[in-house]
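Below you'll find the structure, written out as structure tokens, and then a few comments.
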Amino acid sequence: MSSKNDLRPHLLVMLAMTIASASACTAQAPSPASTEAPPTWGMVIHTGAGNFTLESLGDRQAEMRSAMTEALMAGHKVLASGGSSLDAVQAALVVLEDSPQFNAGKGAVFTHEGTNELDAAIMDGRTMMAGAVAGVTHVKNPIRLARLVMDRSPHVLMAGEGAEAFGREQGGVEFVPASYFHTDLRWQQLQRALEEEKANKGAALRPRSDDPAQGTYFGTVGAVALDQAGNLSAATSTGGLTNKRFGRVGDSPIIGAGTYASNGSCAISATGTGEYFIRFTVAKDICARVEYRGMTAQAAADAVIQGVLKSAGGDGGVVGLDRRGAVVMSFNTTGMGRGYIGQDGQPSISFTVDR
Ligand code: ASP
């Protein structure tokens, strides 16, 4: 779905941002500070792309909206008080990880073996530092552990038991029994995937996130923010894909694929079939088009999501912000849970093209 339609509900805000973005991205020489509007700080979140309708979300929609509102407000609180975009995206993701509605933290999807293996990443566009974890199984909020990897280690990505050992050593990470992540919704999704796999041997290794009753809904969560100091950050957290096997890791914790931020261009968080986002380095490709080609971030996102990715058969979407605070939303599925909060503190949330 073209992102242009997405912008309709928030036309005035988005229009102002698009104009600000266009002037920032096309101007080769910096315009005099006095004539350039200051960047608009704010935050954009997503809660997964997919082929679903609003109706197919059923009763879940109200709970999703309420958790998304809470996440947006948590990020806004940080930004409004002059806090960093890094703290804002982390605060928002902790709320979404704690909600059983999304495929991250509590509510993560199950692996083939009936376990939950969680991935998360965070990136600071000011310093280009990043931290990520993959395949952790007892960490309540993987995004907090990813932040520790960035802040307190020389590494970028830690996996499995090693990542958890690092968290225990550092302290301040909440560990939970594996059963904490169990939700019936996700368990039933796995059972259906296993049955289908049994009935159709060819589908054995095909990663799935489909729920026939509810359409296809990935449910990964992500956030990008621009703070008052003009710094961009991005963060993404996920349980991956239902029925994943063999330690499969998706795009979310891969810097440049599902998560990327650079003050020189934009901040992006992705959702969709991770293998495509990894192979096409989606988040970095979008930001590179902004930086090297002078494209607006929205145009760059559309070129990658509606063009490159779609032609390759990859489904999903991204949210982002450019360095002026222009909002980016693009998805090639029928829906993507997403929300924006700006300086006025008024959250706006939608799931399909116009609702
Ligand atoms: N991108 C995630 C992955 O492939 C899935 C999602 O977006 O829900 O692990």
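FYI, nothing fancy with the structure tokens labels: chains A, B, ... in order, residues from 1 per chain, ligands from 1 as they appear.
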Given only C-alpha atoms and all ligand atoms, how would the per-residue table for chain A near ligand 1 read, listing every residue at most 7 Å away with its closest atom pair and distance in Å to one decimal, sorted by chain and number, as a Markdown table?
```
| residue | atom | partner | partner_atom_place_in_ligand_line | distance |
| --- | --- | --- | --- | --- |
| A:Gly48 | CA | ligand 1 | 7 (O) | 5.6 |
| A:Ala49 | CA | ligand 1 | 7 (O) | 6.8 |
| A:Asn103 | CA | ligand 1 | 8 (O) | 6.4 |
| A:Phe218 | CA | ligand 1 | 8 (O) | 3.6 |
| A:Gly219 | CA | ligand 1 | 8 (O) | 4.8 |
| A:Thr220 | CA | ligand 1 | 8 (O) | 3.8 |
| A:Thr238 | CA | ligand 1 | 8 (O) | 6.2 |
| A:Gly239 | CA | ligand 1 | 9 (O) | 6.6 |
| A:Gly240 | CA | ligand 1 | 9 (O) | 3.3 |
| A:Leu241 | CA | ligand 1 | 9 (O) | 5.4 |
| A:Val249 | CA | ligand 1 | 9 (O) | 6.4 |
| A:Gly250 | CA | ligand 1 | 9 (O) | 3.7 |
| A:Asp251 | CA | ligand 1 | 1 (N) | 5.4 |
| A:Ser252 | CA | ligand 1 | 1 (N) | 5.6 |
| A:Gly258 | CA | ligand 1 | 1 (N) | 6.8 |
| A:Ala270 | CA | ligand 1 | 1 (N) | 6.6 |
| A:Thr271 | CA | ligand 1 | 7 (O) | 3.3 |
| A:Gly272 | CA | ligand 1 | 7 (O) | 3.8 |
| A:Thr273 | CA | ligand 1 | 4 (O) | 4.5 |
| A:Gly274 | CA | ligand 1 | 4 (O) | 3.1 |
| A:Glu275 | CA | ligand 1 | 4 (O) | 6.3 |
```
For the selection you just gave me, I'd like the residues written to a file as a tab-separated table (two decimals), in the first residue's frame, keeping N, CA and C atoms.
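Result saved to out.tsv:
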```tsv
chain	number	residue	atom	x	y	z
A	48	GLY	N	4.23	-4.00	13.79
A	48	GLY	CA	4.20	-5.11	12.84
A	48	GLY	C	3.35	-4.85	11.62
A	49	ALA	N	3.84	-5.31	10.48
A	49	ALA	CA	3.08	-5.23	9.23
A	49	ALA	C	2.39	-6.57	9.00
A	103	ASN	N	4.38	-9.35	19.08
A	103	ASN	CA	5.39	-10.41	18.96
A	103	ASN	C	6.76	-9.88	19.42
A	218	PHE	N	2.68	-9.83	11.51
A	218	PHE	CA	4.00	-10.13	12.06
A	218	PHE	C	4.13	-9.76	13.54
A	219	GLY	N	3.75	-8.55	13.91
A	219	GLY	CA	3.69	-8.19	15.33
A	219	GLY	C	4.97	-7.77	16.00
A	220	THR	N	6.05	-7.70	15.23
A	220	THR	CA	7.30	-7.14	15.77
A	220	THR	C	7.07	-5.68	16.15
A	238	THR	N	11.64	-8.30	18.74
A	238	THR	CA	10.78	-9.32	18.12
A	238	THR	C	10.99	-10.70	18.70
A	239	GLY	N	9.98	-11.55	18.49
A	239	GLY	CA	10.14	-12.97	18.76
A	239	GLY	C	10.50	-13.71	17.47
A	240	GLY	N	10.57	-12.97	16.37
A	240	GLY	CA	10.90	-13.59	15.08
A	240	GLY	C	9.67	-14.13	14.39
A	241	LEU	N	9.80	-15.29	13.77
A	241	LEU	CA	8.70	-15.89	13.02
A	241	LEU	C	8.26	-17.19	13.67
A	249	VAL	N	17.79	-16.35	13.07
A	249	VAL	CA	17.76	-14.96	13.54
A	249	VAL	C	17.25	-14.10	12.38
A	250	GLY	N	16.34	-13.20	12.69
A	250	GLY	CA	15.76	-12.34	11.65
A	250	GLY	C	16.52	-11.04	11.49
A	251	ASP	N	15.85	-10.07	10.89
A	251	ASP	CA	16.49	-8.80	10.57
A	251	ASP	C	16.53	-7.81	11.73
A	252	SER	N	15.62	-7.98	12.70
A	252	SER	CA	15.48	-6.96	13.74
A	252	SER	C	16.79	-6.64	14.46
A	258	GLY	N	17.11	-4.49	9.87
A	258	GLY	CA	15.83	-4.14	10.49
A	258	GLY	C	15.90	-2.90	11.35
A	270	ALA	N	12.16	-1.75	11.04
A	270	ALA	CA	11.43	-2.54	10.05
A	270	ALA	C	10.63	-3.68	10.66
A	271	THR	N	9.71	-4.19	9.85
A	271	THR	CA	8.95	-5.39	10.20
A	271	THR	C	8.59	-6.13	8.92
A	272	GLY	N	8.61	-7.44	8.96
A	272	GLY	CA	8.29	-8.23	7.77
A	272	GLY	C	9.11	-9.50	7.76
A	273	THR	N	9.14	-10.17	6.63
A	273	THR	CA	9.91	-11.41	6.53
A	273	THR	C	11.40	-11.06	6.54
A	274	GLY	N	12.02	-11.33	7.68
A	274	GLY	CA	13.36	-10.82	7.96
A	274	GLY	C	14.42	-11.18	6.94
A	275	GLU	N	14.29	-12.36	6.33
A	275	GLU	CA	15.31	-12.81	5.39
A	275	GLU	C	15.48	-11.81	4.25
```
Nearby residues (only C-alpha atoms) at most 7 Å from region 133-138 of chain A, same-chain spacing under 6 positions excluded, as a PyMOL selection string: chain A and resi 116-121+146+157-161+163-164+175-178+247+249+253
Secondary structure check, alpha helix (DSSP H) residues of region 250-307 of chain A, as a count of residues only: 24
Within 6 Å of Asp227 (chain A) using only C-alpha atoms, minus same-chain residues under 4 positions, as a PyMOL selection string: chain A and resi 41+79+84-85+231
Pairwise distance for CA of Asp322 (chain A) and CA of Ala267 (chain A), rounded to one decimal in Å: 6.4 Å
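Around region 289-291 of chain A, within 7 Å and counting only C-alpha atoms, the residues found are Cys25, Gly264, Ser265, Thr296, Ala297 and Ala300 of chain A, once anything fewer than 5 positions away on its own chain is removed.
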Option closest in space to Gly317 (chain A), from A:Phe52, A:Phe331, A:Phe166, A:Tyr292 [counting only C-alpha atoms]: A:Phe331
Backbone-only DSSP, strand (DSSP E or B) members of region 36-114 of chain A, as a PyMOL selection string: chain A and resi 42-50+111
Rows by chain and residue number, region 84-148 of chain A within 7 Å of region 186-196 of chain A, shortest pair, only C-alpha atoms, as CSV:
```
residue,atom,partner,partner_atom,distance
A:Gly107,CA,A:Arg186,CA,6.8
A:Val109,CA,A:Arg186,CA,5.3
A:Phe110,CA,A:Leu190,CA,6.2
```
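Proximity ranking of A:Ala326, A:Gly294, A:Val304, A:Asn263 relative to Ala229 (chain A) places A:Asn263 first, based on only C-alpha atoms.
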Two-atom distance - CA of Asp87 (chain A), CA of Asp315 (chain A) (Å): 29.5 Å
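Separating CA of Val318 (chain A) from CA of Ser99 (chain A) is a distance of 20.7 Å.
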Neighbour list for Val78 (chain A) as a PyMOL selection string, cut-off 10 Å, only C-alpha atoms, skip fewer than 4 positions in-chain: chain A and resi 73-74+82-92+227
